[in-house]
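One file, query22.cif, is given below (mmCIF, C-alpha atoms).
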data_input
#
loop_
_atom_site.group_PDB
_atom_site.id
_atom_site.type_symbol
_atom_site.label_atom_id
_atom_site.label_comp_id
_atom_site.auth_asym_id
_atom_site.auth_seq_id
_atom_site.Cartn_x
_atom_site.Cartn_y
_atom_site.Cartn_z
ATOM 1 C CA MET O 1 -105.607 24.447 10.758
ATOM 2 C CA SER O 2 -102.265 25.902 10.361
ATOM 3 C CA VAL O 3 -99.939 24.795 7.791
ATOM 4 C CA VAL O 4 -96.477 24.149 9.110
ATOM 5 C CA ASP O 5 -93.823 24.511 6.503
ATOM 6 C CA SER O 6 -91.504 21.552 6.432
ATOM 7 C CA PRO O 7 -87.865 22.393 6.682
ATOM 8 C CA SER O 8 -86.374 22.616 3.300
ATOM 9 C CA ALA O 9 -83.485 20.353 2.368
ATOM 10 C CA PRO O 10 -80.060 21.925 2.430
ATOM 11 C CA PRO O 11 -78.974 23.070 -0.953
ATOM 12 C CA ALA O 12 -76.692 20.722 -2.734
ATOM 13 C CA GLN O 13 -73.110 21.849 -2.936
ATOM 14 C CA GLN O 14 -72.333 23.133 -6.309
ATOM 15 C CA PRO O 15 -69.078 21.990 -7.930
ATOM 16 C CA PRO O 16 -66.526 24.717 -8.248
ATOM 17 C CA ALA O 17 -66.716 26.595 -11.405
ATOM 18 C CA SER O 18 -64.348 25.315 -13.993
ATOM 19 C CA ALA O 19 -63.580 28.697 -15.413
ATOM 20 C CA PRO O 20 -61.570 30.039 -12.466
ATOM 21 C CA ALA O 21 -59.660 26.759 -12.178
ATOM 22 C CA GLY O 22 -58.867 26.850 -15.842
ATOM 23 C CA GLY O 23 -57.844 30.475 -15.515
ATOM 24 C CA ARG O 24 -55.503 29.647 -12.667
ATOM 25 C CA ALA O 25 -54.000 26.791 -14.634
ATOM 26 C CA ARG O 26 -53.463 29.025 -17.635
ATOM 27 C CA SER O 27 -51.933 31.662 -15.367
ATOM 28 C CA LYS O 28 -49.526 29.119 -13.936
ATOM 29 C CA ARG O 29 -48.597 27.954 -17.413
ATOM 30 C CA ARG O 30 -47.985 31.522 -18.498
ATOM 31 C CA SER O 31 -45.873 32.272 -15.433
ATOM 32 C CA ALA O 32 -43.882 29.092 -15.935
ATOM 33 C CA THR O 33 -43.339 29.907 -19.573
ATOM 34 C CA SER O 34 -42.352 33.489 -18.860
ATOM 35 C CA GLY O 35 -40.174 32.350 -15.959
ATOM 36 C CA GLY O 36 -38.312 29.980 -18.262
ATOM 37 C CA PHE O 37 -37.965 32.510 -21.068
ATOM 38 C CA ALA O 38 -36.985 35.545 -19.002
ATOM 39 C CA PRO O 39 -33.564 34.223 -17.844
ATOM 40 C CA LEU O 40 -32.725 33.230 -21.419
ATOM 41 C CA ALA O 41 -33.742 36.652 -22.732
ATOM 42 C CA LEU O 42 -31.674 38.419 -20.083
ATOM 43 C CA THR O 43 -28.550 36.325 -20.688
ATOM 44 C CA LEU O 44 -28.835 36.287 -24.480
ATOM 45 C CA PRO O 45 -26.916 39.574 -25.067
ATOM 46 C CA ALA O 46 -24.024 38.407 -22.907
ATOM 47 C CA MET O 47 -24.006 35.006 -24.628
ATOM 48 C CA LEU O 48 -23.946 36.641 -28.065
ATOM 49 C CA LEU O 49 -21.097 38.935 -26.993
ATOM 50 C CA LEU O 50 -19.069 36.007 -25.662
ATOM 51 C CA ALA O 51 -19.771 34.024 -28.815
ATOM 52 C CA GLY O 52 -18.483 36.913 -30.917
ATOM 53 C CA LEU O 53 -15.395 37.559 -28.816
ATOM 54 C CA LEU O 54 -14.415 33.963 -28.047
ATOM 55 C CA GLY O 55 -16.289 31.831 -30.544
ATOM 56 C CA TYR O 56 -14.574 33.024 -33.728
ATOM 57 C CA PRO O 57 -10.996 32.884 -32.345
ATOM 58 C CA LEU O 58 -11.650 29.409 -30.972
ATOM 59 C CA VAL O 59 -13.046 28.131 -34.266
ATOM 60 C CA ARG O 60 -10.201 29.776 -36.171
ATOM 61 C CA MET O 61 -7.672 28.165 -33.834
ATOM 62 C CA VAL O 62 -9.178 24.719 -34.412
ATOM 63 C CA VAL O 63 -9.091 25.228 -38.188
ATOM 64 C CA LEU O 64 -5.442 26.357 -38.068
ATOM 65 C CA SER O 65 -4.489 23.283 -36.044
ATOM 66 C CA PHE O 66 -5.237 21.142 -39.128
ATOM 67 C CA GLN O 67 -3.154 23.335 -41.445
ATOM 68 C CA SER O 68 0.476 24.148 -42.113
ATOM 69 C CA LEU O 69 0.746 27.915 -41.814
ATOM 70 C CA GLY O 70 4.086 29.716 -41.736
ATOM 71 C CA LEU O 71 5.562 33.007 -42.879
ATOM 72 C CA ARG O 72 5.535 31.860 -46.494
ATOM 73 C CA GLN O 73 1.752 31.387 -46.416
ATOM 74 C CA LEU O 74 1.159 34.340 -44.150
ATOM 75 C CA PHE O 75 2.958 36.969 -46.223
ATOM 76 C CA GLY O 76 3.141 35.229 -49.592
ATOM 77 C CA ASN O 77 -0.623 35.210 -50.198
ATOM 78 C CA LEU O 78 -0.482 31.433 -50.439
ATOM 79 C CA ALA O 79 -3.252 29.186 -49.218
ATOM 80 C CA PRO O 80 -2.246 27.158 -46.162
ATOM 81 C CA ASP O 81 -1.732 23.466 -46.725
ATOM 82 C CA ASN O 82 -4.215 21.100 -45.085
ATOM 83 C CA VAL O 83 -2.195 18.508 -43.185
ATOM 84 C CA GLY O 84 -4.988 16.722 -41.329
ATOM 85 C CA PHE O 85 -3.887 15.374 -37.951
ATOM 86 C CA ALA O 86 -0.161 15.750 -38.704
ATOM 87 C CA ASN O 87 0.259 18.550 -36.142
ATOM 88 C CA TYR O 88 -1.392 16.479 -33.421
ATOM 89 C CA VAL O 89 0.697 13.432 -34.326
ATOM 90 C CA LYS O 90 3.819 15.573 -34.056
ATOM 91 C CA ILE O 91 2.742 16.827 -30.624
ATOM 92 C CA PHE O 92 1.907 13.434 -29.134
ATOM 93 C CA THR O 93 5.077 11.819 -30.509
ATOM 94 C CA ASP O 94 7.297 14.587 -29.114
ATOM 95 C CA ALA O 95 8.827 13.902 -25.690
ATOM 96 C CA THR O 96 8.832 17.634 -25.006
ATOM 97 C CA PHE O 97 5.027 17.634 -24.894
ATOM 98 C CA TYR O 98 4.909 15.186 -21.991
ATOM 99 C CA GLN O 99 7.640 17.078 -20.149
ATOM 100 C CA VAL O 100 5.746 20.347 -20.554
ATOM 101 C CA VAL O 101 2.448 18.756 -19.434
ATOM 102 C CA ALA O 102 4.120 17.201 -16.381
ATOM 103 C CA ARG O 103 5.763 20.532 -15.507
ATOM 104 C CA THR O 104 2.464 22.377 -15.899
ATOM 105 C CA VAL O 105 0.568 19.869 -13.752
ATOM 106 C CA ALA O 106 3.273 19.846 -11.059
ATOM 107 C CA PHE O 107 3.314 23.625 -10.864
ATOM 108 C CA THR O 108 -0.489 23.741 -10.719
ATOM 109 C CA VAL O 109 -0.684 21.227 -7.865
ATOM 110 C CA VAL O 110 2.033 22.906 -5.777
ATOM 111 C CA SER O 111 0.811 26.462 -6.329
ATOM 112 C CA VAL O 112 -2.849 25.617 -5.653
ATOM 113 C CA LEU O 113 -2.026 23.726 -2.447
ATOM 114 C CA LEU O 114 0.166 26.559 -1.157
ATOM 115 C CA THR O 115 -2.440 29.168 -2.065
ATOM 116 C CA LEU O 116 -5.227 27.239 -0.328
ATOM 117 C CA LEU O 117 -3.240 26.566 2.843
ATOM 118 C CA LEU O 118 -1.968 30.132 3.188
ATOM 119 C CA GLY O 119 -5.323 31.626 2.190
ATOM 120 C CA LEU O 120 -7.160 29.489 4.743
ATOM 121 C CA GLY O 121 -4.626 30.481 7.383
ATOM 122 C CA VAL O 122 -5.126 34.170 6.638
ATOM 123 C CA ALA O 123 -8.916 33.736 6.677
ATOM 124 C CA LEU O 124 -8.771 32.053 10.102
ATOM 125 C CA LEU O 125 -6.463 34.804 11.355
ATOM 126 C CA MET O 126 -8.928 37.455 10.184
ATOM 127 C CA ARG O 127 -11.554 35.908 12.466
ATOM 128 C CA ARG O 128 -9.361 36.449 15.537
ATOM 129 C CA VAL O 129 -7.912 39.937 15.065
ATOM 130 C CA ALA O 130 -9.502 43.238 15.999
ATOM 131 C CA PRO O 131 -11.983 44.749 13.499
ATOM 132 C CA SER O 132 -9.587 47.584 12.607
ATOM 133 C CA VAL O 133 -6.805 45.118 11.862
ATOM 134 C CA LYS O 134 -9.199 42.990 9.805
ATOM 135 C CA ILE O 135 -10.194 46.002 7.709
ATOM 136 C CA ALA O 136 -6.520 46.876 7.167
ATOM 137 C CA MET O 137 -5.822 43.295 6.048
ATOM 138 C CA ILE O 138 -8.725 43.337 3.592
ATOM 139 C CA VAL O 139 -7.639 46.680 2.117
ATOM 140 C CA ALA O 140 -4.042 45.473 1.733
ATOM 141 C CA MET O 141 -5.165 42.252 0.055
ATOM 142 C CA MET O 142 -7.458 44.149 -2.286
ATOM 143 C CA PHE O 143 -4.473 46.214 -3.452
ATOM 144 C CA VAL O 144 -2.541 42.996 -4.071
ATOM 145 C CA TRP O 145 -5.503 41.472 -5.908
ATOM 146 C CA ALA O 146 -5.961 44.570 -8.077
ATOM 147 C CA MET O 147 -2.296 44.740 -9.124
ATOM 148 C CA PRO O 148 -1.806 43.677 -12.774
ATOM 149 C CA GLN O 149 0.047 40.410 -13.203
ATOM 150 C CA LEU O 150 2.777 41.953 -15.321
ATOM 151 C CA VAL O 151 3.460 44.670 -12.724
ATOM 152 C CA ALA O 152 3.687 42.095 -9.938
ATOM 153 C CA THR O 153 5.973 39.940 -12.079
ATOM 154 C CA GLN O 154 8.351 42.821 -12.795
ATOM 155 C CA THR O 155 8.406 43.743 -9.108
ATOM 156 C CA PHE O 156 9.447 40.238 -8.098
ATOM 157 C CA ARG O 157 11.947 40.181 -10.939
ATOM 158 C CA TRP O 158 13.627 43.311 -9.550
ATOM 159 C CA LEU O 159 13.618 41.839 -6.030
ATOM 160 C CA VAL O 160 15.628 38.798 -7.193
ATOM 161 C CA ASP O 161 17.807 40.611 -9.713
ATOM 162 C CA SER O 162 21.331 39.200 -9.670
ATOM 163 C CA ASP O 163 23.015 42.622 -9.643
ATOM 164 C CA PHE O 164 20.676 44.976 -7.778
ATOM 165 C CA GLY O 165 18.110 42.685 -6.145
ATOM 166 C CA VAL O 166 17.301 43.500 -2.521
ATOM 167 C CA LEU O 167 16.718 39.811 -1.728
ATOM 168 C CA ASN O 168 20.301 38.894 -2.627
ATOM 169 C CA TYR O 169 21.537 41.841 -0.573
ATOM 170 C CA LEU O 170 19.606 40.772 2.523
ATOM 171 C CA ILE O 171 20.645 37.111 2.247
ATOM 172 C CA ASP O 172 24.254 38.150 1.676
ATOM 173 C CA LEU O 173 24.219 39.902 5.075
ATOM 174 C CA LEU O 174 23.890 36.532 6.820
ATOM 175 C CA PRO O 175 27.190 35.255 8.257
ATOM 176 C CA GLY O 176 28.897 32.704 6.053
ATOM 177 C CA VAL O 177 26.517 33.208 3.121
ATOM 178 C CA ASP O 178 27.712 34.554 -0.231
ATOM 179 C CA PHE O 179 24.769 35.610 -2.397
ATOM 180 C CA ALA O 180 26.406 38.454 -4.290
ATOM 181 C CA ASN O 181 25.416 38.378 -7.990
ATOM 182 C CA HIS O 182 23.452 35.181 -7.405
ATOM 183 C CA SER O 183 21.173 34.221 -10.304
ATOM 184 C CA TRP O 184 17.905 32.694 -9.127
ATOM 185 C CA PHE O 185 17.055 31.353 -12.567
ATOM 186 C CA ALA O 186 20.263 29.442 -13.245
ATOM 187 C CA ASP O 187 18.757 26.608 -11.207
ATOM 188 C CA PRO O 188 15.225 25.647 -12.375
ATOM 189 C CA ILE O 189 14.172 24.728 -8.832
ATOM 190 C CA GLN O 190 15.040 28.197 -7.551
ATOM 191 C CA GLY O 191 13.554 29.815 -10.617
ATOM 192 C CA TRP O 192 10.270 27.959 -10.222
ATOM 193 C CA SER O 193 10.209 28.875 -6.540
ATOM 194 C CA VAL O 194 10.254 32.542 -7.589
ATOM 195 C CA ILE O 195 7.491 32.012 -10.173
ATOM 196 C CA THR O 196 5.404 30.037 -7.673
ATOM 197 C CA SER O 197 5.853 32.805 -5.098
ATOM 198 C CA ILE O 198 4.467 35.355 -7.561
ATOM 199 C CA VAL O 199 1.403 33.242 -8.312
ATOM 200 C CA VAL O 200 0.736 32.325 -4.668
ATOM 201 C CA TRP O 201 1.217 35.927 -3.502
ATOM 202 C CA ALA O 202 -1.339 37.124 -6.053
ATOM 203 C CA GLY O 203 -3.785 34.288 -5.340
ATOM 204 C CA ILE O 204 -3.965 34.514 -1.543
ATOM 205 C CA PRO O 205 -6.331 37.556 -1.441
ATOM 206 C CA PHE O 206 -9.080 35.805 -3.415
ATOM 207 C CA ILE O 207 -8.869 32.648 -1.303
ATOM 208 C CA ALA O 208 -8.611 34.492 2.024
ATOM 209 C CA ILE O 209 -11.477 36.922 1.407
ATOM 210 C CA THR O 210 -13.746 34.200 0.004
ATOM 211 C CA LEU O 211 -13.082 31.764 2.845
ATOM 212 C CA ASN O 212 -13.427 34.546 5.401
ATOM 213 C CA ALA O 213 -16.943 35.110 4.083
ATOM 214 C CA GLY O 214 -17.602 31.377 4.315
ATOM 215 C CA LEU O 215 -16.398 31.256 7.916
ATOM 216 C CA THR O 216 -19.247 33.549 8.896
ATOM 217 C CA GLN O 217 -21.598 30.608 8.173
ATOM 218 C CA VAL O 218 -19.924 28.380 10.769
ATOM 219 C CA PRO O 219 -22.200 28.390 13.867
ATOM 220 C CA LYS O 220 -20.375 29.645 16.931
ATOM 221 C CA GLU O 221 -22.473 27.326 19.089
ATOM 222 C CA LEU O 222 -20.885 24.270 17.462
ATOM 223 C CA LEU O 223 -17.364 25.590 18.049
ATOM 224 C CA GLU O 224 -18.159 26.483 21.656
ATOM 225 C CA ALA O 225 -19.676 23.052 22.246
ATOM 226 C CA ALA O 226 -16.581 21.412 20.784
ATOM 227 C CA VAL O 227 -14.344 23.425 23.124
ATOM 228 C CA VAL O 228 -16.506 22.448 26.108
ATOM 229 C CA ASP O 229 -16.211 18.795 25.088
ATOM 230 C CA GLY O 230 -12.426 19.129 25.156
ATOM 231 C CA ALA O 231 -11.735 19.312 21.418
ATOM 232 C CA SER O 232 -8.536 21.026 20.357
ATOM 233 C CA ALA O 233 -8.419 23.817 17.797
ATOM 234 C CA TRP O 234 -7.219 21.373 15.131
ATOM 235 C CA GLN O 235 -10.008 18.912 15.915
ATOM 236 C CA ALA O 236 -12.636 21.656 15.724
ATOM 237 C CA LEU O 237 -11.193 22.817 12.406
ATOM 238 C CA ARG O 238 -11.133 19.310 10.951
ATOM 239 C CA SER O 239 -14.509 18.118 12.236
ATOM 240 C CA ILE O 240 -16.632 21.291 12.112
ATOM 241 C CA THR O 241 -15.134 24.145 10.095
ATOM 242 C CA LEU O 242 -13.754 22.270 7.087
ATOM 243 C CA PRO O 243 -16.904 20.153 6.444
ATOM 244 C CA ILE O 244 -19.016 23.319 6.432
ATOM 245 C CA LEU O 245 -16.535 25.048 4.111
ATOM 246 C CA LYS O 246 -16.261 22.021 1.780
ATOM 247 C CA PRO O 247 -18.534 23.366 -1.012
ATOM 248 C CA LEU O 248 -16.692 26.692 -0.986
ATOM 249 C CA LEU O 249 -13.310 24.964 -0.885
ATOM 250 C CA ILE O 250 -14.245 22.905 -3.953
ATOM 251 C CA ILE O 251 -15.201 26.039 -5.863
ATOM 252 C CA VAL O 252 -12.075 28.072 -5.031
ATOM 253 C CA THR O 253 -9.826 25.052 -5.619
ATOM 254 C CA THR O 254 -11.268 24.379 -9.066
ATOM 255 C CA LEU O 255 -11.048 28.035 -10.053
ATOM 256 C CA SER O 256 -7.431 28.192 -8.850
ATOM 257 C CA VAL O 257 -6.588 25.099 -10.893
ATOM 258 C CA ILE O 258 -8.088 26.673 -14.021
ATOM 259 C CA TRP O 259 -6.219 29.946 -13.504
ATOM 260 C CA ASN O 260 -2.853 28.417 -12.590
ATOM 261 C CA PHE O 261 -2.993 25.778 -15.321
ATOM 262 C CA GLY O 262 -3.042 28.589 -17.870
ATOM 263 C CA LEU O 263 0.129 30.182 -16.471
ATOM 264 C CA PHE O 264 1.736 32.558 -18.960
ATOM 265 C CA THR O 265 2.454 36.117 -17.798
ATOM 266 C CA GLN O 266 4.669 35.233 -14.839
ATOM 267 C CA VAL O 267 6.936 32.889 -16.827
ATOM 268 C CA TRP O 268 7.032 35.192 -19.817
ATOM 269 C CA GLY O 269 7.855 38.214 -17.674
ATOM 270 C CA VAL O 270 10.640 36.782 -15.521
ATOM 271 C CA ARG O 271 12.333 35.180 -18.531
ATOM 272 C CA ASN O 272 12.103 38.349 -20.622
ATOM 273 C CA GLY O 273 9.933 36.804 -23.331
ATOM 274 C CA ARG O 274 12.362 33.948 -24.038
ATOM 275 C CA PRO O 275 11.660 31.143 -21.542
ATOM 276 C CA GLU O 276 14.202 28.340 -21.616
ATOM 277 C CA GLU O 277 13.122 24.749 -22.135
ATOM 278 C CA GLU O 278 13.017 24.004 -18.396
ATOM 279 C CA TYR O 279 10.643 26.948 -17.884
ATOM 280 C CA GLN O 280 8.173 26.110 -20.640
ATOM 281 C CA VAL O 281 4.540 25.417 -19.721
ATOM 282 C CA LEU O 282 1.693 24.665 -22.111
ATOM 283 C CA ALA O 283 0.680 28.293 -22.667
ATOM 284 C CA THR O 284 4.216 29.593 -23.257
ATOM 285 C CA TRP O 285 5.117 26.578 -25.397
ATOM 286 C CA ALA O 286 2.141 27.182 -27.672
ATOM 287 C CA TYR O 287 2.980 30.896 -27.976
ATOM 288 C CA SER O 288 6.701 30.267 -28.605
ATOM 289 C CA THR O 289 5.942 27.627 -31.230
ATOM 290 C CA ALA O 290 3.486 29.873 -33.058
ATOM 291 C CA PHE O 291 5.177 33.280 -32.908
ATOM 292 C CA ASN O 292 8.853 32.665 -32.148
ATOM 293 C CA ASN O 293 9.209 29.663 -34.463
ATOM 294 C CA ASN O 294 6.581 30.936 -36.953
ATOM 295 C CA ASN O 295 4.755 27.610 -36.934
ATOM 296 C CA TYR O 296 1.195 28.791 -36.407
ATOM 297 C CA GLY O 297 -0.476 25.492 -37.228
ATOM 298 C CA LEU O 298 1.532 23.535 -34.661
ATOM 299 C CA GLY O 299 1.096 26.302 -32.093
ATOM 300 C CA SER O 300 -2.666 26.223 -32.641
ATOM 301 C CA ALA O 301 -2.697 22.460 -32.151
ATOM 302 C CA ILE O 302 -0.886 22.854 -28.810
ATOM 303 C CA ALA O 303 -3.424 25.501 -27.801
ATOM 304 C CA VAL O 304 -6.314 23.187 -28.717
ATOM 305 C CA VAL O 305 -4.849 20.407 -26.566
ATOM 306 C CA THR O 306 -4.500 22.892 -23.700
ATOM 307 C CA VAL O 307 -8.140 23.933 -24.070
ATOM 308 C CA VAL O 308 -9.262 20.296 -24.070
ATOM 309 C CA LEU O 309 -7.338 19.630 -20.850
ATOM 310 C CA LEU O 310 -8.882 22.719 -19.277
ATOM 311 C CA LEU O 311 -12.355 21.596 -20.376
ATOM 312 C CA GLY O 312 -11.891 18.512 -18.247
ATOM 313 C CA VAL O 313 -11.268 20.678 -15.192
ATOM 314 C CA MET O 314 -14.201 22.927 -16.099
ATOM 315 C CA ALA O 315 -16.488 19.895 -16.455
ATOM 316 C CA PHE O 316 -15.555 18.857 -12.925
ATOM 317 C CA TYR O 317 -16.206 22.409 -11.740
ATOM 318 C CA MET O 318 -19.643 22.554 -13.371
ATOM 319 C CA ARG O 319 -20.530 19.128 -11.961
ATOM 320 C CA GLN O 320 -19.648 20.279 -8.460
ATOM 321 C CA MET O 321 -21.639 23.484 -8.935
ATOM 322 C CA PHE O 322 -24.743 21.499 -9.962
ATOM 323 C CA ARG O 323 -24.302 19.139 -7.031
ATOM 324 C CA ILE O 324 -24.048 22.055 -4.625
ATOM 325 C CA GLY O 325 -27.172 23.567 -6.188
ATOM 326 C CA ASP O 326 -29.061 20.284 -5.777
ATOM 327 C CA VAL O 327 -28.083 20.103 -2.124
ATOM 328 C CA ASP O 328 -29.234 23.676 -1.542
#

Would you mind writing the file out in structure tokens?
Amino acid sequence: MSVVDSPSAPPAQQPPASAPAGGRARSKRRSATSGGFAPLALTLPAMLLLAGLLGYPLVRMVVLSFQSLGLRQLFGNLAPDNVGFANYVKIFTDATFYQVVARTVAFTVVSVLLTLLLGLGVALLMRRVAPSVKIAMIVAMMFVWAMPQLVATQTFRWLVDSDFGVLNYLIDLLPGVDFANHSWFADPIQGWSVITSIVVWAGIPFIAITLNAGLTQVPKELLEAAVVDGASAWQALRSITLPILKPLLIIVTTLSVIWNFGLFTQVWGVRNGRPEEEYQVLATWAYSTAFNNNNYGLGSAIAVVTVVLLLGVMAFYMRQMFRIGDVD
């Protein structure tokens, strides 16, 4: 009689070992921890450098804004008088402050709009020209972008000089026009047109090159489909190109507002370091009050107000950056 072995039952599945799972969990925790610490460690030196270069002057400026500091305290070894909020009260009760703020805001709006429109136009033009022409345009704009603000300001100042300016000479050649010895800064509107031209001329390269890079992300298939459907160039720009460029437009617009709101060099250069009242903006007004009038406390208070106004624009910029990051 043979003994037939009965089939053995399949072995029960063993639960996965807990050690590897725990090891993987610990590995993930370590990677997450190191991933969160590494960016902080890499940016810490730059943050410390910025804190040293900008932190102390900013704190010192805030402290001075609550003091009365003039030449007598500066050179007489006298302690500055603490005046509390007197400097801020003087600013906000002075009609000049509101005139300067309105002038600064108006200039910022006009200059940013002109820079964006012209920069977008140049960027669209760069998409249609031959590659060699596009390279020449980029090189020329890079030279403009690299030119120091003071050099550009002096160049424009010579162009509109009342005695030897080439612009007056060319306009004077027109029949029936007398522009000999014409002063562009006698009329504030003409003077601000010159200052705005300097800022817009220097700002176009950044806008044009940035938007030209953004235009490469616009699908050609969408534009071709719009043309097939009978859309005009303006309709394609409004309905396809601009919505795709919207995040980039928000970024360059906010940066332009921050830069133009802090206008100083162009006004200071064309007015030879002594801007008249109708040419004062927040930055020049703070500097003139502090160093020309030797009222460093009041000048610091004006600078603090300017920084607070700029922080509002920067908060909007950071909010838009986070929103764009969330969408991505």

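Atom CA of Trp268 of chain O sits 17.3 Å away from atom CA of Trp201 of chain O.
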
I'd like to see the residues matched by the PyMOL selection byres ((chain O and resi 168-170) around 10) on this file, and ideally I'd get them as a CSV table (one decimal) with C-alpha atoms, keeping the file's coordinate frame.
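Listed below is the output, part-v3.csv:
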chain,number,residue,atom,x,y,z
O,159,LEU,CA,13.6,41.8,-6.0
O,160,VAL,CA,15.6,38.8,-7.2
O,161,ASP,CA,17.8,40.6,-9.7
O,162,SER,CA,21.3,39.2,-9.7
O,163,ASP,CA,23.0,42.6,-9.6
O,164,PHE,CA,20.7,45.0,-7.8
O,165,GLY,CA,18.1,42.7,-6.1
O,166,VAL,CA,17.3,43.5,-2.5
O,167,LEU,CA,16.7,39.8,-1.7
O,171,ILE,CA,20.6,37.1,2.2
O,172,ASP,CA,24.3,38.2,1.7
O,173,LEU,CA,24.2,39.9,5.1
O,174,LEU,CA,23.9,36.5,6.8
O,178,ASP,CA,27.7,34.6,-0.2
O,179,PHE,CA,24.8,35.6,-2.4
O,180,ALA,CA,26.4,38.5,-4.3
O,181,ASN,CA,25.4,38.4,-8.0
O,182,HIS,CA,23.5,35.2,-7.4
O,183,SER,CA,21.2,34.2,-10.3
O,184,TRP,CA,17.9,32.7,-9.1

Tell me, in Å to one decimal, how far atom CA of Gly273 of chain O is from atom CA of Leu69 of chain O.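 If I compute the distance from atom CA of Gly273 of chain O to atom CA of Leu69 of chain O, I get 22.5 Å.
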
Residues in the PyMOL selection byres ((chain O and resi 196) around 10), expressed as a ChimeraX atom specification: /O:107-108,110-112,114-115,190-195,197-202,260,266-267

Nearest to Arg103 of chain O among O:Asp187, O:Glu278, O:Glu221, O:Asp81, with distances taken over all atoms listed in the file: which residue is it?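 For Arg103 of chain O, the nearest of the candidates is O:Glu278.
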
I'd like the contact shell of Ala290 of chain O - 9 Å cut-off, only C-alpha atoms, skipping same-chain residues fewer than 5 positions apart - returned as an MDAnalysis selection string. chainID O and resid 70 285 295:300

Would you translate the PyMOL selection byres ((chain O and resi 304) around 10) into the concrete set of residues it matches in this file, as a list of chain:residue names? O:Leu58, O:Met61, O:Val62, O:Leu64, O:Ser65, O:Tyr88, O:Ala286, O:Leu298, O:Gly299, O:Ser300, O:Ala301, O:Ile302, O:Ala303, O:Val305, O:Thr306, O:Val307, O:Val308, O:Leu309, O:Leu310

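Using all atoms listed in the file for every distance, the candidate list O:Ile250, O:Leu53, O:Phe291, O:Glu276 yields O:Ile250 as the residue closest to Arg323 of chain O.
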
Just to confirm, what's the straight-line distance from atom CA of Trp234 of chain O to atom CA of Thr216 of chain O in Å (one decimal)?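 Atom-to-atom, atom CA of Trp234 of chain O to atom CA of Thr216 of chain O, that is 18.2 Å.
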
Counting only C-alpha atoms, the residue of O:Tyr317, O:Phe97, O:Phe206, O:Phe75 that sits nearest Leu116 of chain O: O:Phe206

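The closest residue to Trp259 of chain O, picked from O:Val109, O:Phe143, O:Val89, O:Thr289 and counting all atoms listed in the file, is O:Val109.
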
Who sits within 12 Å of Gly121 of chain O, only C-alpha atoms, same chain under 2 positions skipped, as a list in words: Leu114, Thr115, Leu116, Leu117, Leu118, Gly119, Ala123, Leu124, Leu125, Met126, Arg127, Arg128, Ile204, Pro205, Ile207, Ala208, Ile209, Leu211, Asn212, Leu215 and Leu237 of chain O

Neighbours of Ser239 of chain O within 12 Å (all atoms listed in the file; same-chain residues fewer than 5 positions away dropped), as a ChimeraX atom specification? /O:218,222-223,226,231-234,244-246

Saved selection, atoms kept: C-alpha atoms, as a JSON list (two decimals), in the frame of the given file:
[["chain", "number", "residue", "atom", "x", "y", "z"],
["O", 218, "VAL", "CA", -19.92, 28.38, 10.77],
["O", 222, "LEU", "CA", -20.88, 24.27, 17.46],
["O", 223, "LEU", "CA", -17.36, 25.59, 18.05],
["O", 226, "ALA", "CA", -16.58, 21.41, 20.78],
["O", 231, "ALA", "CA", -11.74, 19.31, 21.42],
["O", 232, "SER", "CA", -8.54, 21.03, 20.36],
["O", 233, "ALA", "CA", -8.42, 23.82, 17.80],
["O", 234, "TRP", "CA", -7.22, 21.37, 15.13],
["O", 244, "ILE", "CA", -19.02, 23.32, 6.43],
["O", 245, "LEU", "CA", -16.54, 25.05, 4.11],
["O", 246, "LYS", "CA", -16.26, 22.02, 1.78]]
